[in-house]
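A quick write-up on the structure given underneath.
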Amino acid sequence: MPGQNGERFHAATSLTDAIAALADRGSAGAALAGATWIMRAPLRHERRDLSYVAISKIDELRRLDILDREISIGACVTHAELASSLGSLPECRALAQAAVNSANPAVRNVATIGGNLCASAFAAADLVPALICLDAELEIEGAKGSERMTVKRFLEVRTGIGPDRLVRRVIVPRTARRSAHIRLPLRKAGDYPVAIVSLAATLNPTGVVESARVAVGSVEPVARRWEQLETSLVGHSLDPRRAAEQAERFCGDFLGREGVEAPGWYRVKVLPSLVRRAVLALQEQS
Amino acid sequence: MSLRLVVNGEDRVSRAEPLTPLVDVLRDEFHLTGAKVACREGFCGACTVHIDGQPVVSCLVPLGMVEGREVRTVESLAAAGELSPLQRIMEEHDVVQCGMCFPGILMVLTSFFREHPRAERGEIKVALVGNICRCTGYERLVDAAVALAKRS
Amino acid sequence: MAIADPSNVTMNLPRRDARDKLLGRTRYTVDRMLPRMLHAAILRSEVASARILKIDITRARQMPGVRAIALSEDAPGMHGIGIADHPLFASGVIRFHGEQIAAVAADTYEQAQAAARAIEVELEPLPIVLTMADALAPGARLVHPDWKNYEVLFEGGARGGNVAWEATVVRGDTEAAFARDDVVVVESCFRVGRQNHVSLEPRAVVASYEDGRYHIETSTQVPWTVRNMTAKLLGVLASQVHVTVPPVGGGFGQKFDCTLEPYAAILARKSGQPVRLVYSRQEEMLTCLCRENAEIKIRSAVTKSGDIAGREAVVLMDCGAYGGEQIFLTTMTAHTLGGNYKLGSVKLASRAVYTNTPPNGAFRACNGVYNTFALERHTDEICQAMGMDPLEFRRRNVLGDGDLGATGQVFEGDVLGPMLDRMEKLREASHSKEPLAGGRLYGRATVVGTWFIFVGPSTATINLNADGSATLITAGVELGQGTMVQALPQIVAHELGIHPNDVIVRNADTDAAGFDLGVGGGRTTVSVGAASLAAAADVRNKILHTASELLQTQPERLVLRNGRVEIAGIEGSGMTIAKAVQHAHRLTGPVVGSGSFTNPGVPAMPGCAAGHFIDAIDIPVFNVHDCEVAVDPDTGHVEILSYKVVQDVGRALNPRAIHGQIQGGVTQGLGYALHEEHTIGEDGCIRQDSLETYRVPLALDTVPVEIDLYEGAPSIGPLGAKGAGEVPILNPPAAVACAIANATGCRVQQLPLTPPRVLGLLLGREPAVELPHIKIVSQLAAGLPPAIDLTPFRADRF
């Protein structure tokens, strides 16, 4: 059933309005950010008969604030805006690279960070592993207040996040780290990647890795951290070859998803070379 | 319900459902058939138009999200009947073949050149990754775009 | 510098349709709208093989907006090429996933879709024949149990069971050649997938029914085929069908058949309103008339000195559920897989095989593309086995003047040899791109190819107008290739001494223009061009005759140039053509000319070819392509570093336009070589249903092609021209595959060479293609090497 006034589309004017409209619609409603995923629902043989609450005109959700200790990214910030705002921040390079290379320019102008996080059937989402490796958190807003959670936690609960709550913003902590996002499309560009490695690391003054985050996207249905590899990187200087060797050792951690575009074994097999490229990219950021 | 938007500088009202793809409103209601429907999935770029100056694939934009915004289509590029410099150079280099992809390519490159008037060949090709052309093999239309960049 | 004579036939005439295309004003079929126009949707089968028990449209008929529903009883006829095996709607049996069951016309597309979904269909599932190996297995289920009763439209092919058609070539004694003790026998197997045209304009039609006739506006390459086939399917006279063709947004062979037009025609008659039917991209992906998947086994007996004493091959072409174009295309194996090289003896079999999969069709250079891939890879495998240099081997063996083709036709002129020399010059003129490979594997290959112009009948009429312009009326279609707006007006203008811009070209209309085979096979410049030239010559004679009386000068002393009839050698003499035409109006009436053309029919050697639609090729077209690649050993990604083409064009009427065709054709070929493939799931459904999973080349996936046009090879085309648009796609898969094999040292047997496949080859995890279902008759007992079973099918064997 559509909302109280029978409309299938409501352009929310404020966050409060959006949450009220979503609460009102219950399970018959859904938030609509950039719409690029939902508009393709019929092609995936999915329903598109919900009552949609458009949130893209809510100013607060479109803000991107670079603060001293963190970056606050509203759920409706587009990939293009992310790329242009973060391009100059070395500690966010992975996220900027993820944003600037995803899909194609005309889609990047519309597709949002919130949509990318919420599209649970979209294994190849670029921003997700980038956000994981940057230790980003999400703020979920609902009628009963807000809740902050890690991206990992969000990915676990996102399908049951409830009809009356929505992603308000993404918070990326600012620390002195290097990061890179290495995606592997089958063509040169314009594809969804078949595998993604996002890497962030902090180095001590002598160049030894103090902490590392590696996130792997598109290989399995949901992006996740590669903890074994992270541990093996810590305490060593950035060495692409060694990192690739370590990745080779721990590849068994992943079971690649079979897809029309690539077999599961392939997604896993390319991981060491993506790790090598990621470490090399970090090396070049000195 | 009805919904207002500005199309090629004119105030327009559409009576279509808010989830109707913008491209269908432009083509079926306003008879602006320049934007083409070739995939409805955001990969071919043939339906590219500008919304508030930014190129977007109009097959994935629901009408409801365009309320009050400014839409420009390929039909608006030749102001007062004069081909735009980009259109002119494509004509001069004789790079058009079947032509279905060109409305989208022109809209993408028009906004791209606004921001990068002296773009290099490689940058132009990167800008075009969302536009499928099945006839030309791209390079000759990229040659024309490069020639335009060199003029500025 | 002298100003070029505008009527000079060779020129870079720009396209006249470019401006409106750039303005977004061109109205393709998908842009057509008529008052009261309805929208149609098709109900398609979601299973690949089933018996239809019941179809109930009661509920659908009552749905909002519904105006007409068409079912199999509305289209009693069967169509096909060679064999009439294809009904418009599945009748009684479903043979492929996506097969049409019913068509609905309603006020909106959504209403039509909803009503189509509301049609109740009761099915009883049947086993699926999924692959050609399944289809040819002993005791295989027959896709067409009734095949013997189908109408045969073209005699000569062997048929039987799931083999829809077989064409064979036997020249010389291959058994003796393979039995020689001084030969090395090399055998190769190849497999390729399906390629989708992805024309940006999908198949689309608007049909009306007026004054007892059907008017079909459609995005087609073949207006006359649409006219005749629609009539046959609907069971009406062909003269009741009128076809016109707006500008076409790409065809590449997909629109070389009548497909969706009859549905719209039936619905228009039943509803009394115009009906628009446009296939969605998903429908186009799932039911496209693809370049077929195929399997090739080829072996050669080569002497120590490098002569090919004997060659045998079998090609299996998956025609899907209905024979369609593949039946015709079995012909092309002889001229492609059997082409390029001098063969002491040759035995070929080319079989179109029925499966429960979506039907296939024609695609730019058709099976020539994969046959050339197979032949060139096989050639490199021969060279490897014998330790010969691949370029030297090719130089030694390519067809030259007086050499025999596979079917025994005598080739005229040395063409491929000199083209190889030109390629060598092209290679020398630019540095190797090997340094760009960096740490990746580098490879290079030069390959050759033989294709042909599909000639056949065309006709043209020219009205020479009183303003000095000429109106050219043909059934040719402008798909984007440019022939209708460039080569044809150039040819006519040259003959009439006017500027090409003064030649008006009428859009195809079967009520205005006479019969034409259609646009495809590189035939427009040649066949429509020759007919147009003949019509222009007719007009020329008439106007010279008229002027001759006025100028009191013998016609032989008059020339047409710069829009004038002049006395030869006296510039500015005589009168304008317009004046002469005006005079003719008063004297003899308006000036009209007509011309017709058909192929002369080059002879093959009697008895060599069986089941062929074309025994010998009238106009061969040759290619030499060269490619450098870098292969990433970690990911299997292939980058094209450089690409070079020497193409036999006969005479280049519009060099710039030909360059455009070559760049575009090579890029499409690179797509087929590296990325594009439809595969079929266990349920018989195509797995790549979108442009997300079916990957065509994007701007970054191609390179500028370096081009050398080779002129002067013999051609019966007008002014020595050959069609140039189809052939550029012939060789890229061969060139890329050979270069990758050279780079990796791997045995490349399949296309496309996607990153997973290439990495699989490098890791040794890609299984070898062996094709056990292509039979080898063991002659080992007789002390002879194995030979491929080429015994022609006989109906009584099934």
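In the structure tokens, each chain is lettered A, B, ... as it comes, each chain's residues begin at 1, and ligands are numbered from 1 in order of appearance.
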
Would you kindly report the residues of chain B within 7 Å of chain C, using only C-alpha atoms, as a list of chain:residue names?
-> B:Thr33, B:Gly34, B:Ala38, B:Cys39, B:Phe43, B:Val74, B:Glu75, B:Gln87, B:Glu91, B:Asp94, B:Val96, B:Gln97, B:Cys98, B:Gly99, B:Met100, B:Phe102, B:Pro103, B:Lys125, B:Val126, B:Leu128, B:Val129, B:Ile132, B:Arg134, B:Cys135, B:Thr136, B:Gly137, B:Tyr138, B:Glu139

Check: which chain A residues lie within 7 Å of chain C using only C-alpha atoms, as a list in words | Leu186, Arg187, Lys188, Val260, Glu261, Ala262, Tyr266, Val270 and Ser273 of chain A

For C:Gln384, please output as a PyMOL selection string all residues within 10 Å (counting only C-alpha atoms; exclusion window: fewer than 6 positions along the same chain).
-> chain C and resi 186+378+390

7 Å contact set for B:Glu67, only C-alpha atoms, chain neighbours under 6 positions out, as a count of residues only | 3

Extract, using only C-alpha atoms, all DNA, RNA and protein residues at most 7 Å from B:Leu141, discarding same-chain residues fewer than 4 positions from it, and format them as a PyMOL selection string.
-> chain B and resi 90+95+145

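From atom CA of C:Gly400 back to atom CA of C:Gly413, the distance works out to 6.1 Å.
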
Could the residues of chain A within 9 Å of chain B, counting only C-alpha atoms, be given as a VMD selection string, please?
-> chain A and resid 8 to 11 34 to 40 43 52 54 56 to 57 103 to 110 189 to 191

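Put simply, atom CA of C:Val398 is 16.0 Å away from atom CA of C:Phe452.
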
Enumerate as a VMD selection string all residues of stretch 27-97 of chain B assigned to strand (DSSP E or B) by DSSP on the backbone, naming them with the chain letters and numbers the document uses.
-> chain B and resid 48 to 51 54 to 57 62 70 to 72

What's the 6 Å shell around A:Leu138, counting only C-alpha atoms, without same-chain residues fewer than 3 positions away, as a PyMOL selection string?
-> chain A and resi 148-149+169-170

May I have the selected residues written with N, CA, C and O atoms, as a JSON list (two decimals), in the first residue's frame?
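Below you can see part-v8.json, which holds the result:
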[["chain", "number", "residue", "atom", "x", "y", "z"],
["A", 148, "ARG", "N", 25.04, 4.75, 15.61],
["A", 148, "ARG", "CA", 26.27, 4.77, 14.84],
["A", 148, "ARG", "C", 26.84, 3.36, 14.80],
["A", 148, "ARG", "O", 26.83, 2.66, 15.81],
["A", 149, "MET", "N", 27.31, 2.94, 13.66],
["A", 149, "MET", "CA", 27.85, 1.58, 13.57],
["A", 149, "MET", "C", 28.95, 1.53, 12.51],
["A", 149, "MET", "O", 29.05, 2.40, 11.65],
["A", 169, "ARG", "N", 24.53, 9.62, 7.36],
["A", 169, "ARG", "CA", 25.83, 10.06, 6.88],
["A", 169, "ARG", "C", 26.87, 8.99, 7.15],
["A", 169, "ARG", "O", 26.65, 8.06, 7.92],
["A", 170, "VAL", "N", 28.00, 9.18, 6.49],
["A", 170, "VAL", "CA", 29.14, 8.29, 6.65],
["A", 170, "VAL", "C", 30.26, 9.12, 7.25],
["A", 170, "VAL", "O", 30.47, 10.26, 6.84]]
